[in-house]
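Student: For reference, this is my_file.csv, and it has CSV, all heavy atoms.
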chain,number,residue,atom,x,y,z
D,1,MET,N,-249.2,67.5,-2.5
D,1,MET,CA,-248.7,66.2,-2.3
D,1,MET,C,-247.5,66.2,-1.3
D,1,MET,O,-247.4,65.3,-0.5
D,1,MET,CB,-248.3,65.6,-3.7
D,1,MET,CG,-247.7,64.2,-3.7
D,1,MET,SD,-249.1,63.1,-3.2
D,1,MET,CE,-248.3,61.6,-3.4
D,2,ILE,N,-246.6,67.1,-1.5
D,2,ILE,CA,-245.4,67.2,-0.6
D,2,ILE,C,-245.9,67.4,0.8
D,2,ILE,O,-245.4,66.7,1.7
D,2,ILE,CB,-244.5,68.3,-1.0
D,2,ILE,CG1,-243.8,68.0,-2.4
D,2,ILE,CG2,-243.4,68.6,0.0
D,2,ILE,CD1,-243.0,69.1,-2.9
D,3,GLN,N,-246.9,68.2,1.0
D,3,GLN,CA,-247.4,68.5,2.4
D,3,GLN,C,-247.9,67.2,3.0
D,3,GLN,O,-247.7,67.0,4.2
D,3,GLN,CB,-248.5,69.6,2.3
D,3,GLN,CG,-248.9,70.0,3.7
D,3,GLN,CD,-249.9,71.1,3.7
D,3,GLN,OE1,-250.4,71.5,2.6
D,3,GLN,NE2,-250.3,71.6,4.8
D,4,LEU,N,-248.6,66.4,2.2
D,4,LEU,CA,-249.1,65.1,2.8
D,4,LEU,C,-248.0,64.2,3.2
D,4,LEU,O,-248.1,63.6,4.3
D,4,LEU,CB,-250.0,64.4,1.7
D,4,LEU,CG,-251.3,65.2,1.3
D,4,LEU,CD1,-252.0,64.4,0.2
D,4,LEU,CD2,-252.2,65.3,2.5
D,5,ILE,N,-247.0,64.1,2.5
D,5,ILE,CA,-245.8,63.3,2.8
D,5,ILE,C,-245.2,63.8,4.1
D,5,ILE,O,-244.9,63.0,5.0
D,5,ILE,CB,-244.8,63.2,1.7
D,5,ILE,CG1,-245.4,62.5,0.5
D,5,ILE,CG2,-243.5,62.5,2.1
D,5,ILE,CD1,-244.6,62.6,-0.8
D,6,ILE,N,-244.9,65.1,4.2
D,6,ILE,CA,-244.3,65.7,5.4
D,6,ILE,C,-245.2,65.4,6.6
D,6,ILE,O,-244.7,65.0,7.7
D,6,ILE,CB,-244.1,67.2,5.2
D,6,ILE,CG1,-243.1,67.5,4.1
D,6,ILE,CG2,-243.7,67.9,6.5
D,6,ILE,CD1,-241.7,67.0,4.3
D,7,LEU,N,-246.5,65.7,6.5
D,7,LEU,CA,-247.4,65.5,7.6
D,7,LEU,C,-247.4,64.0,8.1
D,7,LEU,O,-247.5,63.7,9.3
D,7,LEU,CB,-248.8,65.9,7.3
D,7,LEU,CG,-249.0,67.4,7.1
D,7,LEU,CD1,-250.4,67.8,6.6
D,7,LEU,CD2,-248.6,68.2,8.4
D,8,ALA,N,-247.3,63.1,7.1
D,8,ALA,CA,-247.3,61.7,7.5
D,8,ALA,C,-246.0,61.3,8.2
D,8,ALA,O,-246.1,60.5,9.2
D,8,ALA,CB,-247.5,60.8,6.2
D,9,LEU,N,-244.9,61.8,7.7
D,9,LEU,CA,-243.6,61.3,8.3
D,9,LEU,C,-243.2,62.2,9.5
D,9,LEU,O,-242.5,61.7,10.4
D,9,LEU,CB,-242.5,61.4,7.2
D,9,LEU,CG,-242.7,60.5,6.0
D,9,LEU,CD1,-241.7,60.8,4.9
D,9,LEU,CD2,-242.7,59.1,6.4
D,10,LEU,N,-243.5,63.5,9.5
D,10,LEU,CA,-243.1,64.4,10.6
D,10,LEU,C,-244.3,65.2,11.0
D,10,LEU,O,-244.4,66.4,10.8
D,10,LEU,CB,-242.0,65.3,10.0
D,10,LEU,CG,-240.7,64.6,9.5
D,10,LEU,CD1,-239.9,65.6,8.7
D,10,LEU,CD2,-239.9,64.0,10.6
D,11,PRO,N,-245.2,64.6,11.8
D,11,PRO,CA,-246.4,65.3,12.1
D,11,PRO,C,-246.2,66.5,13.0
D,11,PRO,O,-247.1,67.4,13.1
D,11,PRO,CB,-247.2,64.2,12.9
D,11,PRO,CG,-246.3,63.2,13.3
D,11,PRO,CD,-245.1,63.3,12.3
D,12,ASP,N,-245.1,66.7,13.7
D,12,ASP,CA,-244.8,67.8,14.5
D,12,ASP,C,-244.1,69.0,13.8
D,12,ASP,O,-243.8,70.0,14.4
D,12,ASP,CB,-244.0,67.4,15.7
D,12,ASP,CG,-242.6,66.8,15.3
D,12,ASP,OD1,-242.5,66.3,14.2
D,12,ASP,OD2,-241.7,67.0,16.1
D,13,LYS,N,-243.9,68.8,12.5
D,13,LYS,CA,-243.3,69.9,11.7
D,13,LYS,C,-244.3,70.6,10.8
D,13,LYS,O,-245.3,70.1,10.4
D,13,LYS,CB,-242.2,69.2,10.8
D,13,LYS,CG,-241.1,68.6,11.6
D,13,LYS,CD,-240.2,69.6,12.3
D,13,LYS,CE,-239.0,69.0,12.9
D,13,LYS,NZ,-238.2,69.9,13.6
D,14,THR,N,-243.9,71.8,10.4
D,14,THR,CA,-244.7,72.6,9.5
D,14,THR,C,-243.9,72.8,8.2
D,14,THR,O,-242.7,73.2,8.2
D,14,THR,CB,-245.0,74.0,10.1
D,14,THR,OG1,-245.8,73.8,11.3
D,14,THR,CG2,-245.8,74.9,9.1
D,15,LEU,N,-244.5,72.6,7.0
D,15,LEU,CA,-243.9,72.8,5.7
D,15,LEU,C,-244.1,74.3,5.4
D,15,LEU,O,-245.2,74.8,5.3
D,15,LEU,CB,-244.5,71.9,4.7
D,15,LEU,CG,-244.0,72.1,3.2
D,15,LEU,CD1,-242.5,71.7,3.2
D,15,LEU,CD2,-244.8,71.3,2.2
D,16,CYS,N,-242.9,75.0,5.2
D,16,CYS,CA,-242.9,76.4,4.8
D,16,CYS,C,-242.4,76.5,3.4
D,16,CYS,O,-241.5,75.7,3.0
D,16,CYS,CB,-242.1,77.2,5.8
D,16,CYS,SG,-242.7,77.1,7.5
D,17,TYR,N,-242.7,77.6,2.7
D,17,TYR,CA,-242.3,77.8,1.4
D,17,TYR,C,-242.4,79.2,0.9
D,17,TYR,O,-243.2,80.0,1.5
D,17,TYR,CB,-243.0,76.9,0.4
D,17,TYR,CG,-244.5,76.8,0.6
D,17,TYR,CD1,-245.4,77.7,0.0
D,17,TYR,CD2,-245.0,76.0,1.6
D,17,TYR,CE1,-246.8,77.6,0.2
D,17,TYR,CE2,-246.4,75.9,1.8
D,17,TYR,CZ,-247.3,76.7,1.1
D,17,TYR,OH,-248.6,76.7,1.4
D,18,GLU,N,-241.5,79.6,0.0
D,18,GLU,CA,-241.6,80.9,-0.7
D,18,GLU,C,-241.5,80.7,-2.2
D,18,GLU,O,-240.8,79.7,-2.6
D,18,GLU,CB,-240.4,81.8,-0.3
D,18,GLU,CG,-240.5,82.3,1.1
D,18,GLU,CD,-239.4,83.3,1.4
D,18,GLU,OE1,-239.0,84.1,0.6
D,18,GLU,OE2,-238.8,83.2,2.6
D,19,VAL,N,-242.1,81.5,-3.0
D,19,VAL,CA,-242.0,81.3,-4.4
D,19,VAL,C,-241.5,82.6,-5.1
D,19,VAL,O,-241.7,83.7,-4.5
D,19,VAL,CB,-243.3,80.9,-5.1
D,19,VAL,CG1,-243.7,79.5,-4.6
D,19,VAL,CG2,-244.4,81.9,-4.9
D,20,HIS,N,-240.8,82.5,-6.2
D,20,HIS,CA,-240.3,83.6,-7.0
D,20,HIS,C,-241.2,83.6,-8.2
D,20,HIS,O,-241.3,82.7,-8.9
D,20,HIS,CB,-238.9,83.5,-7.4
D,20,HIS,CG,-238.3,84.6,-8.1
D,20,HIS,ND1,-238.5,84.9,-9.4
D,20,HIS,CD2,-237.6,85.7,-7.6
D,20,HIS,CE1,-237.9,86.0,-9.8
D,20,HIS,NE2,-237.4,86.5,-8.7
D,21,VAL,N,-241.9,84.8,-8.4
D,21,VAL,CA,-242.9,84.9,-9.4
D,21,VAL,C,-242.4,85.8,-10.5
D,21,VAL,O,-241.8,86.9,-10.2
D,21,VAL,CB,-244.3,85.4,-8.9
D,21,VAL,CG1,-245.3,85.6,-10.0
D,21,VAL,CG2,-244.8,84.5,-7.8
D,22,GLN,N,-242.6,85.4,-11.8
D,22,GLN,CA,-242.2,86.2,-12.9
D,22,GLN,C,-242.8,87.7,-12.8
D,22,GLN,O,-243.9,87.9,-12.4
D,22,GLN,CB,-242.9,85.6,-14.2
D,22,GLN,CG,-242.7,86.3,-15.4
D,22,GLN,CD,-243.5,85.7,-16.6
D,22,GLN,OE1,-244.3,84.8,-16.4
D,22,GLN,NE2,-243.2,86.2,-17.8
D,23,ASN,N,-241.9,88.6,-13.0
D,23,ASN,CA,-242.2,90.1,-13.0
D,23,ASN,C,-242.6,90.6,-11.6
D,23,ASN,O,-242.9,91.8,-11.5
D,23,ASN,CB,-243.4,90.4,-14.0
D,23,ASN,CG,-243.0,90.2,-15.4
D,23,ASN,OD1,-241.9,90.3,-15.8
D,23,ASN,ND2,-244.0,89.8,-16.2
D,24,ILE,N,-242.5,89.8,-10.6
D,24,ILE,CA,-242.9,90.2,-9.2
D,24,ILE,C,-241.7,90.0,-8.3
D,24,ILE,O,-241.3,90.9,-7.5
D,24,ILE,CB,-244.1,89.5,-8.7
D,24,ILE,CG1,-245.3,89.8,-9.5
D,24,ILE,CG2,-244.3,89.8,-7.2
D,24,ILE,CD1,-246.6,89.1,-9.2
D,25,GLY,N,-241.1,88.9,-8.3
D,25,GLY,CA,-240.0,88.5,-7.4
D,25,GLY,C,-240.4,87.6,-6.3
D,25,GLY,O,-241.4,87.0,-6.4
D,26,TRP,N,-239.6,87.5,-5.2
D,26,TRP,CA,-239.9,86.6,-4.1
D,26,TRP,C,-241.1,87.2,-3.4
D,26,TRP,O,-241.1,88.3,-3.0
D,26,TRP,CB,-238.7,86.5,-3.2
D,26,TRP,CG,-237.6,85.7,-3.8
D,26,TRP,CD1,-236.4,86.1,-4.4
D,26,TRP,CD2,-237.6,84.3,-3.9
D,26,TRP,NE1,-235.7,85.1,-4.8
D,26,TRP,CE2,-236.4,83.9,-4.6
D,26,TRP,CE3,-238.5,83.2,-3.5
D,26,TRP,CZ2,-236.0,82.6,-4.8
D,26,TRP,CZ3,-238.1,81.9,-3.8
D,26,TRP,CH2,-236.9,81.6,-4.5
D,27,GLN,N,-242.0,86.3,-3.1
D,27,GLN,CA,-243.1,86.6,-2.2
D,27,GLN,C,-242.8,86.2,-0.8
D,27,GLN,O,-241.8,85.5,-0.6
D,27,GLN,CB,-244.4,85.8,-2.7
D,27,GLN,CG,-244.9,86.3,-4.0
D,27,GLN,CD,-246.2,85.7,-4.4
D,27,GLN,OE1,-246.5,84.6,-4.1
D,27,GLN,NE2,-247.0,86.5,-5.1
D,28,GLY,N,-243.6,86.5,0.1
D,28,GLY,CA,-243.3,86.2,1.5
D,28,GLY,C,-243.6,84.8,1.9
D,28,GLY,O,-244.1,84.0,1.1
D,29,LYS,N,-243.2,84.4,3.1
D,29,LYS,CA,-243.3,83.0,3.6
D,29,LYS,C,-244.8,82.6,3.6
D,29,LYS,O,-245.6,83.3,4.1
D,29,LYS,CB,-242.7,82.9,5.0
D,29,LYS,CG,-242.8,81.6,5.6
D,29,LYS,CD,-242.2,81.6,7.0
D,29,LYS,CE,-243.1,81.2,8.0
D,29,LYS,NZ,-242.5,81.1,9.4
D,30,LYS,N,-245.0,81.4,3.2
D,30,LYS,CA,-246.3,80.7,3.3
D,30,LYS,C,-246.2,79.4,4.0
D,30,LYS,O,-245.1,78.9,4.1
D,30,LYS,CB,-246.9,80.4,1.9
D,30,LYS,CG,-247.0,81.6,1.0
D,30,LYS,CD,-248.0,82.6,1.4
D,30,LYS,CE,-248.1,83.8,0.4
D,30,LYS,NZ,-249.0,84.8,0.8
D,31,LYS,N,-247.3,78.9,4.5
D,31,LYS,CA,-247.2,77.6,5.2
D,31,LYS,C,-248.5,76.9,5.2
D,31,LYS,O,-249.6,77.5,5.0
D,31,LYS,CB,-246.7,77.7,6.7
D,31,LYS,CG,-247.5,78.6,7.5
D,31,LYS,CD,-246.9,78.7,8.9
D,31,LYS,CE,-247.9,79.5,9.8
D,31,LYS,NZ,-247.4,79.6,11.2
D,32,ASP,N,-248.5,75.6,5.5
D,32,ASP,CA,-249.7,74.8,5.7
D,32,ASP,C,-250.7,74.9,4.6
D,32,ASP,O,-251.9,75.0,4.8
D,32,ASP,CB,-250.4,75.2,7.0
D,32,ASP,CG,-249.5,74.8,8.2
D,32,ASP,OD1,-248.7,73.8,8.1
D,32,ASP,OD2,-249.6,75.5,9.3
D,33,GLY,N,-250.3,74.9,3.3
D,33,GLY,CA,-251.2,74.9,2.2
D,33,GLY,C,-251.7,76.2,1.7
D,33,GLY,O,-252.6,76.3,0.9
D,34,GLU,N,-251.1,77.3,2.3
D,34,GLU,CA,-251.5,78.6,1.8
D,34,GLU,C,-251.2,78.8,0.3
D,34,GLU,O,-250.2,78.2,-0.2
D,34,GLU,CB,-250.8,79.7,2.6
D,34,GLU,CG,-251.2,79.9,4.0
D,34,GLU,CD,-250.5,80.9,4.7
D,34,GLU,OE1,-249.2,81.0,4.7
D,34,GLU,OE2,-251.1,81.8,5.4
D,35,THR,N,-251.9,79.6,-0.4
D,35,THR,CA,-251.6,79.8,-1.8
D,35,THR,C,-250.4,80.6,-2.0
D,35,THR,O,-250.2,81.7,-1.4
D,35,THR,CB,-252.8,80.6,-2.5
D,35,THR,OG1,-254.0,79.8,-2.4
D,35,THR,CG2,-252.5,80.8,-4.0
D,36,ALA,N,-249.5,80.2,-2.9
D,36,ALA,CA,-248.3,80.9,-3.2
D,36,ALA,C,-248.3,81.2,-4.7
D,36,ALA,O,-248.8,80.3,-5.5
D,36,ALA,CB,-247.0,80.1,-2.8
D,37,GLY,N,-247.8,82.3,-5.1
D,37,GLY,CA,-247.9,82.7,-6.5
D,37,GLY,C,-249.0,83.7,-6.7
D,37,GLY,O,-249.3,84.4,-5.9
D,38,THR,N,-249.6,83.7,-7.9
D,38,THR,CA,-250.7,84.6,-8.3
D,38,THR,C,-251.8,83.8,-8.8
D,38,THR,O,-251.7,82.6,-9.2
D,38,THR,CB,-250.2,85.6,-9.3
D,38,THR,OG1,-249.9,84.9,-10.5
D,38,THR,CG2,-249.1,86.5,-8.9
D,39,THR,N,-253.0,84.4,-8.8
D,39,THR,CA,-254.1,83.8,-9.4
D,39,THR,C,-254.7,84.8,-10.5
D,39,THR,O,-254.8,86.0,-10.2
D,39,THR,CB,-255.2,83.5,-8.4
D,39,THR,OG1,-255.6,84.6,-7.7
D,39,THR,CG2,-254.8,82.4,-7.4
D,40,GLY,N,-255.0,84.3,-11.6
D,40,GLY,CA,-255.6,85.1,-12.7
D,40,GLY,C,-254.6,86.0,-13.4
D,40,GLY,O,-255.1,86.9,-14.2
D,41,LYS,N,-253.3,85.9,-13.2
D,41,LYS,CA,-252.4,86.8,-13.9
D,41,LYS,C,-251.5,86.1,-14.9
D,41,LYS,O,-250.8,86.7,-15.6
D,41,LYS,CB,-251.5,87.5,-12.8
D,41,LYS,CG,-252.3,88.5,-12.0
D,41,LYS,CD,-251.4,89.3,-11.1
D,41,LYS,CE,-252.2,90.2,-10.2
D,41,LYS,NZ,-251.4,91.0,-9.3
D,42,SER,N,-251.5,84.8,-14.9
D,42,SER,CA,-250.7,84.0,-15.8
D,42,SER,C,-249.2,84.2,-15.7
D,42,SER,O,-248.5,84.1,-16.6
D,42,SER,CB,-251.1,84.2,-17.3
D,42,SER,OG,-252.5,83.9,-17.5
D,43,TYR,N,-248.8,84.6,-14.5
D,43,TYR,CA,-247.3,84.7,-14.2
D,43,TYR,C,-246.8,83.3,-13.8
D,43,TYR,O,-247.5,82.6,-13.0
D,43,TYR,CB,-247.0,85.7,-13.1
D,43,TYR,CG,-247.3,87.1,-13.5
D,43,TYR,CD1,-247.6,88.1,-12.5
D,43,TYR,CD2,-247.2,87.6,-14.8
D,43,TYR,CE1,-247.9,89.4,-12.8
D,43,TYR,CE2,-247.4,88.9,-15.1
D,43,TYR,CZ,-247.8,89.8,-14.2
D,43,TYR,OH,-248.0,91.1,-14.5
D,44,ARG,N,-245.6,82.9,-14.2
D,44,ARG,CA,-245.1,81.6,-13.8
D,44,ARG,C,-244.4,81.7,-12.5
D,44,ARG,O,-243.8,82.7,-12.2
D,44,ARG,CB,-244.3,81.1,-14.9
D,44,ARG,CG,-243.0,81.8,-15.2
D,44,ARG,CD,-242.1,81.1,-16.3
D,44,ARG,NE,-241.1,82.0,-16.7
D,44,ARG,CZ,-241.1,82.8,-17.7
D,44,ARG,NH1,-242.1,82.8,-18.5
D,44,ARG,NH2,-240.1,83.6,-18.0
D,45,VAL,N,-244.4,80.6,-11.8
D,45,VAL,CA,-243.5,80.4,-10.6
D,45,VAL,C,-242.2,80.0,-11.2
D,45,VAL,O,-242.1,79.0,-11.8
D,45,VAL,CB,-244.1,79.4,-9.6
D,45,VAL,CG1,-243.1,79.1,-8.5
D,45,VAL,CG2,-245.4,80.0,-9.0
D,46,GLU,N,-241.1,80.8,-10.9
D,46,GLU,CA,-239.8,80.5,-11.4
D,46,GLU,C,-238.9,79.7,-10.5
D,46,GLU,O,-237.9,79.1,-10.9
D,46,GLU,CB,-239.1,81.8,-11.9
D,46,GLU,CG,-239.9,82.5,-12.9
D,46,GLU,CD,-239.4,83.8,-13.4
D,46,GLU,OE1,-238.9,84.6,-12.5
D,46,GLU,OE2,-239.4,84.1,-14.6
D,47,ALA,N,-239.2,79.8,-9.2
D,47,ALA,CA,-238.3,79.1,-8.2
D,47,ALA,C,-239.1,78.9,-6.9
D,47,ALA,O,-240.1,79.6,-6.6
D,47,ALA,CB,-237.1,79.9,-7.9
D,48,VAL,N,-238.8,77.9,-6.2
D,48,VAL,CA,-239.4,77.6,-4.9
D,48,VAL,C,-238.4,77.3,-3.8
D,48,VAL,O,-237.4,76.5,-4.1
D,48,VAL,CB,-240.4,76.3,-5.0
D,48,VAL,CG1,-241.1,76.0,-3.7
D,48,VAL,CG2,-241.4,76.6,-6.1
D,49,LYS,N,-238.6,77.8,-2.6
D,49,LYS,CA,-237.7,77.5,-1.5
D,49,LYS,C,-238.6,76.7,-0.5
D,49,LYS,O,-239.8,77.1,-0.2
D,49,LYS,CB,-237.3,78.7,-0.7
D,49,LYS,CG,-236.3,79.6,-1.5
D,49,LYS,CD,-235.9,80.8,-0.6
D,49,LYS,CE,-235.2,81.8,-1.4
D,49,LYS,NZ,-235.0,83.0,-0.5
D,50,LEU,N,-238.2,75.5,0.0
D,50,LEU,CA,-238.9,74.7,0.9
D,50,LEU,C,-238.1,74.5,2.2
D,50,LEU,O,-236.9,74.3,2.1
D,50,LEU,CB,-239.2,73.3,0.3
D,50,LEU,CG,-240.1,73.3,-0.9
D,50,LEU,CD1,-240.1,71.9,-1.5
D,50,LEU,CD2,-241.5,73.7,-0.6
D,51,TRP,N,-238.7,74.5,3.3
D,51,TRP,CA,-238.0,74.2,4.6
D,51,TRP,C,-239.1,73.8,5.6
D,51,TRP,O,-240.2,74.0,5.5
D,51,TRP,CB,-237.2,75.4,5.1
D,51,TRP,CG,-237.9,76.6,5.6
D,51,TRP,CD1,-238.3,76.9,6.9
D,51,TRP,CD2,-238.4,77.7,4.8
D,51,TRP,NE1,-238.9,78.0,6.9
D,51,TRP,CE2,-239.0,78.6,5.7
D,51,TRP,CE3,-238.4,78.0,3.4
D,51,TRP,CZ2,-239.6,79.8,5.2
D,51,TRP,CZ3,-239.0,79.2,3.0
D,51,TRP,CH2,-239.6,80.0,3.9
D,52,LEU,N,-238.6,73.1,6.7
D,52,LEU,CA,-239.4,72.7,7.8
D,52,LEU,C,-239.2,73.5,9.0
D,52,LEU,O,-238.0,73.9,9.3
D,52,LEU,CB,-239.1,71.2,8.1
D,52,LEU,CG,-239.4,70.2,7.0
D,52,LEU,CD1,-238.9,68.8,7.5
D,52,LEU,CD2,-240.9,70.2,6.7
D,53,GLU,N,-240.2,73.8,9.7
D,53,GLU,CA,-240.1,74.5,11.0
D,53,GLU,C,-240.8,73.7,12.1
D,53,GLU,O,-241.6,72.9,11.8
D,53,GLU,CB,-240.8,75.9,11.0
D,53,GLU,CG,-240.0,76.9,10.1
D,53,GLU,CD,-240.6,78.3,10.2
D,53,GLU,OE1,-241.7,78.4,10.7
D,53,GLU,OE2,-240.0,79.2,9.8
Just give me the structure of the file as structure tokens.
Tutor:
Amino acid sequence: MIQLIILALLPDKTLCYEVHVQNIGWQGKKKDGETAGTTGKSYRVEAVKLWLE
């Protein structure tokens, strides 16, 4: 949802994000709807950093 709003208001910008995952820590930068977090491990996302490039 956030990505749709950003694309509508700022079409020349890219939404970037990183997540902090339980028992893992900060993952690397993701963008443009890439999956962040884990799949199939039931670890929670504990924090999110968002920025525009």
Student: Report the distance between atom CA of D:Leu52 and atom CA of D:Gly40 in Å, rounded to one decimal place.
Tutor: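 Separation of atom CA of D:Leu52 and atom CA of D:Gly40: 28.9 Å.
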Student: Once DSSP has gone over the backbone, tell me which residues of chain D are in strand (DSSP E or B), as a list in words.
Tutor: Leu15, Cys16, Tyr17, Glu18, Val19, His20, Val21, Gly25, Trp26, Lys30, Lys31, Val45, Glu46, Ala47, Val48, Lys49, Leu50, Trp51 and Leu52 of chain D
Student: Using DSSP secondary structure from the backbone, list all alpha helix (DSSP H) positions within chain D, as an MDAnalysis selection string.
Tutor: chainID D and resid 2:9
Student: One decimal, Å: what's the distance from atom CA of D:Leu10 over to atom CA of D:Gly28, could you say?
Tutor: 23.6 Å
Student: Between atom CB of D:Asn23 and atom OG1 of D:Thr35, measure the distance and give it in Å to one decimal.
Tutor: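 Computing it gives 19.0 Å between the two atoms.
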